[in-house]
Amino acid sequence: MSDDATTAAEGTARLTVGQALVRFLASQYSERDGVQQRLIAGAFGIFGHGNVAGLGQALLQNEVDPAEGEDRLKYYLARNEQAMVHAAVSYARTRNRLQAFACTASIGPGSTNMITGAALATIDRIPVLILPSDIFATRLPDPVLQQLEDPRSLDISVNDAFKPVSRFWDRINRPEQLIPSVLGAMRVLTDPAETGAVTICLPQDVQAEAYDWPLELFRKRVWHVARPAPEPAALARAVAVIRAAKKPLLIAGGGVIYSEGSAELAAFADATGIPVADTQAGKGAISFEHPASVGGLGSTGNDAANVLAADADVVIGVGTRYSDFTTASHTAFRNPGVRFVNLNVLAFDAAKNSAEMVVADARSGLEALTEALQGYRVAESYSHRVAGLVADWARVSDECFHRANQPLPAQTEVFGALNELMGDDDIVINAAGSMPGDLQALWRARSPQQYHLEYGYSCMGYEIPAAMGAKLAAPDSEVVAIVGDGSYQMLPQEIATIVSENLKVIIVLLQNHGFASIGGLSQSLGSQRFGTSYRMRDGESDRLDGGQVPVDLAANARSMGADVLEVTTIGEFRDAYRRAAASTRTTLICIETDPRGPNPPASAWWDVPVSQSARLESTRQAHAEYVQHKKNQRHHL
Ligand SMILES: Cc1ncc(C[n+]2csc(CCOP(=O)(O)OP(=O)(O)O)c2C)c(N)n1
Ligand SMILES: [Mg+2]
């Protein structure tokens, strides 16, 4: 952090903690590559007794009667606290982590509703500022409504539950504690290695307490988002490993996109011929049209990437955290001598799989690697093999995209239509269900922004609020949330927020009356799809195996102000998409799809443990298969 041109003002201002926080947040900026922008773009919130008179009053005053020189911190009224954190995360991700949102909630349930969102942010390494309200610092009226009372310690509140899911956690028990706290919070939000959920708990009395703040606190501050360069010795070690490689494979993770390193990745692939596979967060880091692009890798990856991974002698992981889906639960890399080179801004990730570590920004690291690898190129024969595998998979993808399944369309046909109809700068959003797997295997991303899959936390319900966040971040892009009927029923209510903000998004609802994903998984593990489809409880069997539940999700979306188009065929879906794209209003397109797929052919495994002992024959069989798969699992030491 360094000082901007503004001069330090003299004197103090008497403000409440809430007012000081709002004024401070409105004057924070981020900077990378010479571009400055507001760090905290706005605040989502839901008020209750914990924040209505503290932070709520401060946001009101900021909106209607700001102090001289005080910038606006725009307030957005969400419908659910978990959802507003999802929206905030989606915003920050779409802005490549250079801008974030604050989220304010009341004490108790309002605040704990945000824990899921905080976990998602921290796991996905996306900045979000979480402002839970907290119990009275004075403790005079204890126990207040919604207070957890811990007989062992009066210093514990429900907000302590944010600690394991936050990269920074603090509680402001006295006004002046706010000063080091907000400075620490901004540092973590803008540190690419440390970023995630940043939580500052605000006791309800302290929020309203006045203090004489040094005016200097509110001057414009610019937080420089670093691009650490690789250490020369580490670079040399990595280069030596790569130069010896005959069958290398690069894995592009989300870090490439957040560092805006796509051009450098393409230049690296051009120069070296090294094939590039992608993770859920990294798809689009390289265009699918690039000759080195081999697409999705791992449990839900495609055959081309997985065949290359199985054989690779050197795996170069760039900006990836190597989730189990990427490594196929540590069965993807089968070459006995395989070695890893990891380029990551976070040493924790760079060290995975006993790699040669290059701790650096993805973009500056790729640039340095390309330069240092001059003269190195994979053999022609390897490039031919890559091209052949990619062409084979393209044929499989085309089949999945256009299979004319009967009587219900396969969801892969919906994805094919979207992939063809959406523009390069449009954004497709998804997070959970059977869809991420199909999308990872099939989607042909043409830009770093187009493919927005939340697959670190894979949180059902992320999609609709995330569409709002992405639309706020990229107003000129069409934003399309693909949502399963299960996910829809988790968190549909931000449609009302989207409508009230005059935002236009498209929601594609895939109705298959339950969990195609977990249903299929259940069957493959011997659990017979138990409890995975939405059925009425049957009076006679007393089980959930009656008729379909008569829930009308289209009517639900309509009730919140969305236009709704209900279609049955892929032809109708294409027409509906064109209508939705041409409209200025938020539109939900509902289509019933086949819960049994067909899905793209699987080429890798995922470790989900099967009961070691069971009376059911289906479980015993599945366990026998499981034991076979486990044999392929390995440590990379
Ligand atoms: C919040 C949350 N709860 C539970 C899960 C576990 N889970 C993963 S997919 C899934 C079912 C998703 O159903 P739906 O949205 O209809 O998608 P489909 O499986 O039918 O494609 C469940 C319960 C999850 N990922 N997130
Ligand atoms: Mg479903």
# chains A, B, ... in the order shown; residues from 1 in each chain; ligands from 1
>>> closest_atom_pairs(of="chain A", to="ligand 2", cutoff="8 Å", atoms="only C-alpha atoms and all ligand atoms", output="CSV")
residue,atom,partner,partner_atom_place_in_ligand_line,distance
A:Gly433,CA,ligand 2,1 (Mg),7.0
A:Ser434,CA,ligand 2,1 (Mg),7.9
A:Gly484,CA,ligand 2,1 (Mg),4.6
A:Asp485,CA,ligand 2,1 (Mg),4.5
A:Gly486,CA,ligand 2,1 (Mg),5.1
A:Ser487,CA,ligand 2,1 (Mg),7.5
A:Leu510,CA,ligand 2,1 (Mg),6.6
A:Gln511,CA,ligand 2,1 (Mg),5.8
A:Asn512,CA,ligand 2,1 (Mg),4.6
A:His513,CA,ligand 2,1 (Mg),5.4
A:Gly514,CA,ligand 2,1 (Mg),4.2
A:Phe515,CA,ligand 2,1 (Mg),4.3
A:Ala516,CA,ligand 2,1 (Mg),5.4
A:Ser517,CA,ligand 2,1 (Mg),7.6
A:Ser533,CA,ligand 2,1 (Mg),8.0
A:Pro595,CA,ligand 2,1 (Mg),7.1
>>> residues_around(residues="stretch 359-374 of chain A", least_positions_apart="4", cutoff="6 Å", atoms="only C-alpha atoms", output="NGL selection string")
:A and (227-230 or 256 or 259 or 261 or 264 or 268 or 343-345 or 347)
>>> write_last_selection(atoms="N, CA, C and O atoms", output="PDB file, in the first residue's frame")
ATOM      1  N   ARG A 227       1.843  -8.371  -8.537  1.00  0.00           N
ATOM      2  CA  ARG A 227       2.184  -9.422  -9.500  1.00  0.00           C
ATOM      3  C   ARG A 227       3.576  -9.924  -9.157  1.00  0.00           C
ATOM      4  O   ARG A 227       4.554  -9.592  -9.838  1.00  0.00           O
ATOM      5  N   PRO A 228       3.700 -10.702  -8.079  1.00  0.00           N
ATOM      6  CA  PRO A 228       5.047 -11.142  -7.706  1.00  0.00           C
ATOM      7  C   PRO A 228       5.710 -11.942  -8.839  1.00  0.00           C
ATOM      8  O   PRO A 228       5.074 -12.791  -9.466  1.00  0.00           O
ATOM      9  N   ALA A 229       6.970 -11.623  -9.105  1.00  0.00           N
ATOM     10  CA  ALA A 229       7.724 -12.311 -10.163  1.00  0.00           C
ATOM     11  C   ALA A 229       8.432 -13.521  -9.558  1.00  0.00           C
ATOM     12  O   ALA A 229       8.722 -13.535  -8.362  1.00  0.00           O
ATOM     13  N   PRO A 230       8.706 -14.546 -10.374  1.00  0.00           N
ATOM     14  CA  PRO A 230       9.361 -15.725  -9.821  1.00  0.00           C
ATOM     15  C   PRO A 230      10.796 -15.433  -9.394  1.00  0.00           C
ATOM     16  O   PRO A 230      11.491 -14.627 -10.019  1.00  0.00           O
ATOM     17  N   VAL A 256      -5.037 -18.255 -13.575  1.00  0.00           N
ATOM     18  CA  VAL A 256      -4.637 -17.657 -14.860  1.00  0.00           C
ATOM     19  C   VAL A 256      -5.638 -16.564 -15.238  1.00  0.00           C
ATOM     20  O   VAL A 256      -5.260 -15.472 -15.686  1.00  0.00           O
ATOM     21  N   SER A 259      -5.466 -13.462 -12.888  1.00  0.00           N
ATOM     22  CA  SER A 259      -4.291 -12.622 -13.131  1.00  0.00           C
ATOM     23  C   SER A 259      -4.319 -12.013 -14.543  1.00  0.00           C
ATOM     24  O   SER A 259      -3.391 -11.337 -14.942  1.00  0.00           O
ATOM     25  N   GLY A 261      -4.017 -13.500 -17.392  1.00  0.00           N
ATOM     26  CA  GLY A 261      -2.827 -14.023 -18.053  1.00  0.00           C
ATOM     27  C   GLY A 261      -3.112 -14.845 -19.302  1.00  0.00           C
ATOM     28  O   GLY A 261      -2.273 -15.657 -19.715  1.00  0.00           O
ATOM     29  N   GLU A 264      -0.621 -14.409 -22.199  1.00  0.00           N
ATOM     30  CA  GLU A 264       0.681 -14.998 -21.858  1.00  0.00           C
ATOM     31  C   GLU A 264       0.598 -16.529 -21.906  1.00  0.00           C
ATOM     32  O   GLU A 264       1.558 -17.196 -22.293  1.00  0.00           O
ATOM     33  N   PHE A 268       2.788 -18.865 -24.334  1.00  0.00           N
ATOM     34  CA  PHE A 268       3.547 -20.009 -23.813  1.00  0.00           C
ATOM     35  C   PHE A 268       3.246 -21.259 -24.650  1.00  0.00           C
ATOM     36  O   PHE A 268       4.154 -21.987 -25.063  1.00  0.00           O
ATOM     37  N   LEU A 343       3.152 -23.351 -10.748  1.00  0.00           N
ATOM     38  CA  LEU A 343       3.263 -21.897 -10.708  1.00  0.00           C
ATOM     39  C   LEU A 343       2.021 -21.381 -10.006  1.00  0.00           C
ATOM     40  O   LEU A 343       0.903 -21.543 -10.513  1.00  0.00           O
ATOM     41  N   ASN A 344       2.203 -20.818  -8.825  1.00  0.00           N
ATOM     42  CA  ASN A 344       1.048 -20.343  -8.070  1.00  0.00           C
ATOM     43  C   ASN A 344       1.460 -19.178  -7.175  1.00  0.00           C
ATOM     44  O   ASN A 344       2.564 -19.176  -6.632  1.00  0.00           O
ATOM     45  N   VAL A 345       0.549 -18.247  -6.999  1.00  0.00           N
ATOM     46  CA  VAL A 345       0.837 -17.077  -6.168  1.00  0.00           C
ATOM     47  C   VAL A 345       0.839 -17.466  -4.680  1.00  0.00           C
ATOM     48  O   VAL A 345       1.399 -16.772  -3.843  1.00  0.00           O
ATOM     49  N   ALA A 347       2.048 -20.180  -1.981  1.00  0.00           N
ATOM     50  CA  ALA A 347       3.028 -21.256  -1.810  1.00  0.00           C
ATOM     51  C   ALA A 347       2.357 -22.575  -1.433  1.00  0.00           C
ATOM     52  O   ALA A 347       2.777 -23.654  -1.859  1.00  0.00           O
TER      53      ALA A 347
END
>>> residues_around(residues="A:Arg634", least_positions_apart="6", cutoff="9 Å", atoms="only C-alpha atoms", output="list of chain:residue names")
A:Ser329, A:His330, A:Thr331, A:Phe333, A:Arg334
>>> write_last_selection(atoms="all heavy atoms", output="PDB file, in the first residue's frame")
ATOM      1  N   SER A 329      -9.183 -37.685  -8.013  1.00  0.00           N
ATOM      2  CA  SER A 329      -8.881 -38.232  -6.675  1.00  0.00           C
ATOM      3  C   SER A 329      -7.517 -38.929  -6.643  1.00  0.00           C
ATOM      4  O   SER A 329      -7.355 -39.998  -6.066  1.00  0.00           O
ATOM      5  CB  SER A 329      -9.983 -39.193  -6.221  1.00  0.00           C
ATOM      6  OG  SER A 329     -11.231 -38.560  -6.238  1.00  0.00           O
ATOM      7  N   HIS A 330      -6.559 -38.286  -7.288  1.00  0.00           N
ATOM      8  CA  HIS A 330      -5.180 -38.787  -7.348  1.00  0.00           C
ATOM      9  C   HIS A 330      -5.051 -40.108  -8.104  1.00  0.00           C
ATOM     10  O   HIS A 330      -4.295 -40.996  -7.715  1.00  0.00           O
ATOM     11  CB  HIS A 330      -4.560 -38.866  -5.946  1.00  0.00           C
ATOM     12  CG  HIS A 330      -4.189 -37.509  -5.438  1.00  0.00           C
ATOM     13  ND1 HIS A 330      -3.120 -36.806  -5.925  1.00  0.00           N
ATOM     14  CD2 HIS A 330      -4.773 -36.703  -4.540  1.00  0.00           C
ATOM     15  CE1 HIS A 330      -3.071 -35.620  -5.335  1.00  0.00           C
ATOM     16  NE2 HIS A 330      -4.060 -35.532  -4.500  1.00  0.00           N
ATOM     17  N   THR A 331      -5.815 -40.205  -9.215  1.00  0.00           N
ATOM     18  CA  THR A 331      -5.619 -41.328 -10.137  1.00  0.00           C
ATOM     19  C   THR A 331      -5.340 -40.833 -11.556  1.00  0.00           C
ATOM     20  O   THR A 331      -5.167 -41.641 -12.465  1.00  0.00           O
ATOM     21  CB  THR A 331      -6.866 -42.239 -10.193  1.00  0.00           C
ATOM     22  OG1 THR A 331      -7.984 -41.470 -10.667  1.00  0.00           O
ATOM     23  CG2 THR A 331      -7.198 -42.827  -8.833  1.00  0.00           C
ATOM     24  N   PHE A 333      -2.802 -38.990 -12.879  1.00  0.00           N
ATOM     25  CA  PHE A 333      -1.425 -38.914 -13.388  1.00  0.00           C
ATOM     26  C   PHE A 333      -0.741 -40.248 -13.118  1.00  0.00           C
ATOM     27  O   PHE A 333      -0.365 -40.548 -11.992  1.00  0.00           O
ATOM     28  CB  PHE A 333      -0.707 -37.736 -12.727  1.00  0.00           C
ATOM     29  CG  PHE A 333      -1.505 -36.469 -12.793  1.00  0.00           C
ATOM     30  CD1 PHE A 333      -2.070 -35.905 -11.657  1.00  0.00           C
ATOM     31  CD2 PHE A 333      -1.751 -35.847 -14.024  1.00  0.00           C
ATOM     32  CE1 PHE A 333      -2.837 -34.751 -11.717  1.00  0.00           C
ATOM     33  CE2 PHE A 333      -2.524 -34.689 -14.097  1.00  0.00           C
ATOM     34  CZ  PHE A 333      -3.072 -34.141 -12.941  1.00  0.00           C
ATOM     35  N   ARG A 334      -0.639 -41.064 -14.146  1.00  0.00           N
ATOM     36  CA  ARG A 334      -0.247 -42.466 -13.930  1.00  0.00           C
ATOM     37  C   ARG A 334       1.167 -42.797 -14.367  1.00  0.00           C
ATOM     38  O   ARG A 334       1.640 -43.907 -14.150  1.00  0.00           O
ATOM     39  CB  ARG A 334      -1.219 -43.384 -14.683  1.00  0.00           C
ATOM     40  CG  ARG A 334      -2.635 -43.149 -14.204  1.00  0.00           C
ATOM     41  CD  ARG A 334      -3.536 -44.288 -14.575  1.00  0.00           C
ATOM     42  NE  ARG A 334      -4.891 -43.964 -14.120  1.00  0.00           N
ATOM     43  CZ  ARG A 334      -5.958 -44.631 -14.447  1.00  0.00           C
ATOM     44  NH1 ARG A 334      -5.859 -45.684 -15.252  1.00  0.00           N
ATOM     45  NH2 ARG A 334      -7.129 -44.282 -14.000  1.00  0.00           N
TER      46      ARG A 334
END
>>> residues_around(residues="A:Pro598", least_positions_apart="3", cutoff="9 Å", atoms="only C-alpha atoms", output="MDAnalysis selection string")
chainID A and resid 400 405 410:412 594:595 601
>>> write_last_selection(atoms="all heavy atoms", output="PDB file, in the first residue's frame")
ATOM      1  N   CYS A 400     -22.981 -35.237 -28.287  1.00  0.00           N
ATOM      2  CA  CYS A 400     -23.676 -34.872 -27.042  1.00  0.00           C
ATOM      3  C   CYS A 400     -24.520 -33.615 -27.228  1.00  0.00           C
ATOM      4  O   CYS A 400     -25.612 -33.504 -26.686  1.00  0.00           O
ATOM      5  CB  CYS A 400     -22.678 -34.638 -25.905  1.00  0.00           C
ATOM      6  SG  CYS A 400     -21.788 -36.102 -25.394  1.00  0.00           S
ATOM      7  N   ASN A 405     -32.305 -36.668 -28.212  1.00  0.00           N
ATOM      8  CA  ASN A 405     -32.779 -37.682 -27.272  1.00  0.00           C
ATOM      9  C   ASN A 405     -34.310 -37.643 -27.195  1.00  0.00           C
ATOM     10  O   ASN A 405     -34.916 -36.597 -27.275  1.00  0.00           O
ATOM     11  CB  ASN A 405     -32.173 -37.389 -25.890  1.00  0.00           C
ATOM     12  CG  ASN A 405     -32.262 -38.555 -24.943  1.00  0.00           C
ATOM     13  OD1 ASN A 405     -31.719 -39.618 -25.247  1.00  0.00           O
ATOM     14  ND2 ASN A 405     -32.927 -38.390 -23.816  1.00  0.00           N
ATOM     15  N   ALA A 410     -31.857 -34.426 -23.803  1.00  0.00           N
ATOM     16  CA  ALA A 410     -30.770 -34.535 -22.824  1.00  0.00           C
ATOM     17  C   ALA A 410     -30.312 -33.114 -22.504  1.00  0.00           C
ATOM     18  O   ALA A 410     -30.345 -32.239 -23.367  1.00  0.00           O
ATOM     19  CB  ALA A 410     -29.613 -35.339 -23.411  1.00  0.00           C
ATOM     20  N   GLN A 411     -29.842 -32.898 -21.276  1.00  0.00           N
ATOM     21  CA  GLN A 411     -29.405 -31.534 -20.927  1.00  0.00           C
ATOM     22  C   GLN A 411     -28.209 -31.108 -21.770  1.00  0.00           C
ATOM     23  O   GLN A 411     -28.004 -29.917 -22.007  1.00  0.00           O
ATOM     24  CB  GLN A 411     -29.104 -31.418 -19.438  1.00  0.00           C
ATOM     25  CG  GLN A 411     -27.945 -32.258 -18.938  1.00  0.00           C
ATOM     26  CD  GLN A 411     -27.823 -32.203 -17.415  1.00  0.00           C
ATOM     27  OE1 GLN A 411     -28.773 -31.884 -16.724  1.00  0.00           O
ATOM     28  NE2 GLN A 411     -26.649 -32.508 -16.901  1.00  0.00           N
ATOM     29  N   THR A 412     -27.427 -32.082 -22.268  1.00  0.00           N
ATOM     30  CA  THR A 412     -26.272 -31.705 -23.101  1.00  0.00           C
ATOM     31  C   THR A 412     -26.725 -30.997 -24.381  1.00  0.00           C
ATOM     32  O   THR A 412     -25.982 -30.194 -24.945  1.00  0.00           O
ATOM     33  CB  THR A 412     -25.415 -32.926 -23.484  1.00  0.00           C
ATOM     34  OG1 THR A 412     -26.230 -33.862 -24.187  1.00  0.00           O
ATOM     35  CG2 THR A 412     -24.813 -33.579 -22.253  1.00  0.00           C
ATOM     36  N   ASP A 594     -34.118 -35.062 -19.486  1.00  0.00           N
ATOM     37  CA  ASP A 594     -34.078 -36.463 -19.068  1.00  0.00           C
ATOM     38  C   ASP A 594     -33.155 -36.615 -17.853  1.00  0.00           C
ATOM     39  O   ASP A 594     -31.959 -36.322 -17.950  1.00  0.00           O
ATOM     40  CB  ASP A 594     -33.553 -37.305 -20.243  1.00  0.00           C
ATOM     41  CG  ASP A 594     -33.775 -38.790 -20.011  1.00  0.00           C
ATOM     42  OD1 ASP A 594     -33.774 -39.218 -18.840  1.00  0.00           O
ATOM     43  OD2 ASP A 594     -33.945 -39.515 -21.014  1.00  0.00           O
ATOM     44  N   PRO A 595     -33.691 -37.087 -16.713  1.00  0.00           N
ATOM     45  CA  PRO A 595     -32.827 -37.199 -15.523  1.00  0.00           C
ATOM     46  C   PRO A 595     -31.720 -38.237 -15.696  1.00  0.00           C
ATOM     47  O   PRO A 595     -30.746 -38.236 -14.929  1.00  0.00           O
ATOM     48  CB  PRO A 595     -33.798 -37.617 -14.412  1.00  0.00           C
ATOM     49  CG  PRO A 595     -35.003 -38.151 -15.098  1.00  0.00           C
ATOM     50  CD  PRO A 595     -35.076 -37.501 -16.440  1.00  0.00           C
ATOM     51  N   PRO A 601     -19.498 -39.458 -22.060  1.00  0.00           N
ATOM     52  CA  PRO A 601     -18.832 -40.633 -21.503  1.00  0.00           C
ATOM     53  C   PRO A 601     -17.770 -40.235 -20.480  1.00  0.00           C
ATOM     54  O   PRO A 601     -17.005 -39.302 -20.711  1.00  0.00           O
ATOM     55  CB  PRO A 601     -18.191 -41.297 -22.726  1.00  0.00           C
ATOM     56  CG  PRO A 601     -18.204 -40.271 -23.806  1.00  0.00           C
ATOM     57  CD  PRO A 601     -19.307 -39.313 -23.502  1.00  0.00           C
TER      58      PRO A 601
END
>>> residues_around(residues="stretch 461-469 of chain A", least_positions_apart="6", cutoff="8 Å", atoms="only C-alpha atoms", output="VMD selection string")
chain A and resid 83 to 84 86 to 91 429 to 431 454 479 to 483 487 to 492 494 to 495 498 503 505 507
>>> residues_around(residues="A:Ile130", least_positions_apart="6", cutoff="10 Å", atoms="only C-alpha atoms", output="list in words")
Ala43, Phe44, Val85, Ala88, Phe101, Ala102, Cys103, Thr104, Ala105, Ser111, Met114, Ile115, Gly117, Ala118, Phe162, Ser166, Trp169, Ala197, Val198, Thr199, Ile200 and Cys201 of chain A
>>> write_last_selection(atoms="all heavy atoms", output="short mmCIF file (atom, residue, chain, number, x, y, z; two decimals), in the first residue's frame")
data_model
loop_
_atom_site.label_atom_id
_atom_site.label_comp_id
_atom_site.auth_asym_id
_atom_site.auth_seq_id
_atom_site.Cartn_x
_atom_site.Cartn_y
_atom_site.Cartn_z
N ALA A 43 -22.59 -2.19 -1.28
CA ALA A 43 -22.91 -3.02 -0.11
C ALA A 43 -24.25 -3.70 -0.31
O ALA A 43 -25.25 -3.04 -0.61
CB ALA A 43 -22.94 -2.17 1.14
N PHE A 44 -24.25 -5.03 -0.17
CA PHE A 44 -25.51 -5.75 -0.07
C PHE A 44 -25.89 -5.77 1.40
O PHE A 44 -25.02 -5.79 2.28
CB PHE A 44 -25.35 -7.20 -0.54
CG PHE A 44 -25.19 -7.34 -2.02
CD1 PHE A 44 -23.99 -7.76 -2.58
CD2 PHE A 44 -26.26 -7.08 -2.87
CE1 PHE A 44 -23.84 -7.90 -3.94
CE2 PHE A 44 -26.12 -7.22 -4.25
CZ PHE A 44 -24.91 -7.63 -4.78
N VAL A 85 -24.07 -12.94 -0.27
CA VAL A 85 -22.63 -13.21 -0.30
C VAL A 85 -22.27 -13.88 -1.64
O VAL A 85 -21.24 -13.56 -2.25
CB VAL A 85 -22.17 -14.05 0.91
CG1 VAL A 85 -20.66 -14.26 0.86
CG2 VAL A 85 -22.56 -13.38 2.22
N ALA A 88 -22.03 -11.23 -4.13
CA ALA A 88 -20.80 -10.45 -3.93
C ALA A 88 -19.59 -11.20 -4.50
O ALA A 88 -18.72 -10.61 -5.15
CB ALA A 88 -20.61 -10.17 -2.44
N PHE A 101 -17.48 -6.53 -2.86
CA PHE A 101 -18.65 -5.95 -2.20
C PHE A 101 -18.55 -6.17 -0.70
O PHE A 101 -17.91 -7.12 -0.24
CB PHE A 101 -19.93 -6.63 -2.70
CG PHE A 101 -20.70 -5.81 -3.70
CD1 PHE A 101 -20.28 -5.73 -5.02
CD2 PHE A 101 -21.85 -5.12 -3.33
CE1 PHE A 101 -20.98 -4.97 -5.95
CE2 PHE A 101 -22.56 -4.37 -4.25
CZ PHE A 101 -22.14 -4.29 -5.56
N ALA A 102 -19.22 -5.30 0.06
CA ALA A 102 -19.43 -5.52 1.48
C ALA A 102 -20.82 -6.13 1.65
O ALA A 102 -21.71 -5.87 0.85
CB ALA A 102 -19.33 -4.20 2.24
N CYS A 103 -20.98 -6.94 2.71
CA CYS A 103 -22.28 -7.55 3.00
C CYS A 103 -22.60 -7.32 4.47
O CYS A 103 -21.84 -7.76 5.34
CB CYS A 103 -22.25 -9.06 2.74
SG CYS A 103 -21.97 -9.49 1.02
N THR A 104 -23.70 -6.61 4.75
CA THR A 104 -24.06 -6.37 6.14
C THR A 104 -25.33 -7.13 6.51
O THR A 104 -26.29 -7.15 5.73
CB THR A 104 -24.23 -4.85 6.44
OG1 THR A 104 -24.86 -4.70 7.73
CG2 THR A 104 -25.07 -4.15 5.40
N ALA A 105 -25.32 -7.76 7.69
CA ALA A 105 -26.48 -8.53 8.14
C ALA A 105 -26.70 -8.26 9.62
O ALA A 105 -25.79 -7.83 10.33
CB ALA A 105 -26.23 -10.01 7.90
N SER A 111 -26.62 -13.10 10.37
CA SER A 111 -25.18 -13.25 10.20
C SER A 111 -24.79 -14.69 9.88
O SER A 111 -24.01 -14.93 8.96
CB SER A 111 -24.46 -12.77 11.47
OG SER A 111 -24.54 -11.35 11.53
N MET A 114 -24.68 -16.07 6.47
CA MET A 114 -23.58 -15.71 5.57
C MET A 114 -22.40 -16.67 5.65
O MET A 114 -21.46 -16.57 4.86
CB MET A 114 -23.08 -14.29 5.87
CG MET A 114 -24.13 -13.21 5.67
SD MET A 114 -23.43 -11.54 5.60
CE MET A 114 -22.91 -11.27 7.29
N ILE A 115 -22.43 -17.61 6.59
CA ILE A 115 -21.26 -18.49 6.78
C ILE A 115 -21.01 -19.34 5.54
O ILE A 115 -19.86 -19.52 5.10
CB ILE A 115 -21.42 -19.36 8.04
CG1 ILE A 115 -21.37 -18.47 9.29
CG2 ILE A 115 -20.32 -20.42 8.12
CD1 ILE A 115 -21.62 -19.21 10.60
N GLY A 117 -21.70 -18.60 2.48
CA GLY A 117 -21.10 -17.74 1.46
C GLY A 117 -19.64 -17.45 1.76
O GLY A 117 -18.80 -17.38 0.85
N ALA A 118 -19.33 -17.28 3.04
CA ALA A 118 -17.93 -17.01 3.43
C ALA A 118 -17.05 -18.21 3.11
O ALA A 118 -15.94 -18.07 2.59
CB ALA A 118 -17.87 -16.68 4.92
N PHE A 162 -17.49 -17.95 12.10
CA PHE A 162 -16.88 -17.50 10.84
C PHE A 162 -15.38 -17.74 10.81
O PHE A 162 -14.76 -17.67 9.75
CB PHE A 162 -17.12 -15.99 10.64
CG PHE A 162 -18.48 -15.64 10.10
CD1 PHE A 162 -19.53 -15.34 10.96
CD2 PHE A 162 -18.72 -15.60 8.74
CE1 PHE A 162 -20.78 -15.01 10.47
CE2 PHE A 162 -19.97 -15.27 8.23
CZ PHE A 162 -21.01 -14.97 9.12
N SER A 166 -12.85 -17.79 7.32
CA SER A 166 -12.42 -16.43 6.97
C SER A 166 -10.90 -16.37 6.88
O SER A 166 -10.20 -17.00 7.66
CB SER A 166 -12.89 -15.43 8.03
OG SER A 166 -14.30 -15.41 8.10
N TRP A 169 -10.33 -12.28 10.40
CA TRP A 169 -11.51 -12.24 11.28
C TRP A 169 -11.24 -11.29 12.42
O TRP A 169 -10.17 -11.34 13.03
CB TRP A 169 -11.78 -13.64 11.83
CG TRP A 169 -13.05 -13.74 12.64
CD1 TRP A 169 -14.26 -14.19 12.20
CD2 TRP A 169 -13.24 -13.39 14.02
NE1 TRP A 169 -15.19 -14.13 13.22
CE2 TRP A 169 -14.58 -13.64 14.34
CE3 TRP A 169 -12.41 -12.86 15.01
CZ2 TRP A 169 -15.11 -13.40 15.61
CZ3 TRP A 169 -12.93 -12.62 16.28
CH2 TRP A 169 -14.27 -12.90 16.57
N ALA A 197 -12.78 -14.72 2.28
CA ALA A 197 -13.73 -13.99 3.11
C ALA A 197 -13.00 -13.20 4.18
O ALA A 197 -12.14 -13.74 4.89
CB ALA A 197 -14.70 -14.97 3.76
N VAL A 198 -13.31 -11.94 4.28
CA VAL A 198 -12.73 -11.05 5.29
C VAL A 198 -13.90 -10.61 6.18
O VAL A 198 -14.85 -10.01 5.70
CB VAL A 198 -12.04 -9.86 4.61
CG1 VAL A 198 -11.75 -8.76 5.60
CG2 VAL A 198 -10.76 -10.33 3.92
N THR A 199 -13.82 -10.98 7.46
CA THR A 199 -14.99 -10.81 8.34
C THR A 199 -14.67 -9.83 9.46
O THR A 199 -13.69 -10.02 10.19
CB THR A 199 -15.38 -12.18 8.93
OG1 THR A 199 -15.66 -13.08 7.85
CG2 THR A 199 -16.62 -12.06 9.81
N ILE A 200 -15.47 -8.80 9.56
CA ILE A 200 -15.34 -7.86 10.69
C ILE A 200 -16.69 -7.83 11.41
O ILE A 200 -17.70 -7.38 10.85
CB ILE A 200 -14.96 -6.44 10.22
CG1 ILE A 200 -13.63 -6.48 9.45
CG2 ILE A 200 -14.86 -5.50 11.41
CD1 ILE A 200 -13.18 -5.12 8.93
N CYS A 201 -16.70 -8.37 12.63
CA CYS A 201 -17.93 -8.45 13.41
C CYS A 201 -18.15 -7.13 14.13
O CYS A 201 -17.22 -6.58 14.74
CB CYS A 201 -17.84 -9.59 14.42
SG CYS A 201 -17.40 -11.15 13.64
#
>>> closest_residue(among="A:Arg585, A:Arg93, A:Arg72, A:Arg596", to="ligand 1", atoms="only C-alpha atoms and all ligand atoms")
A:Arg596
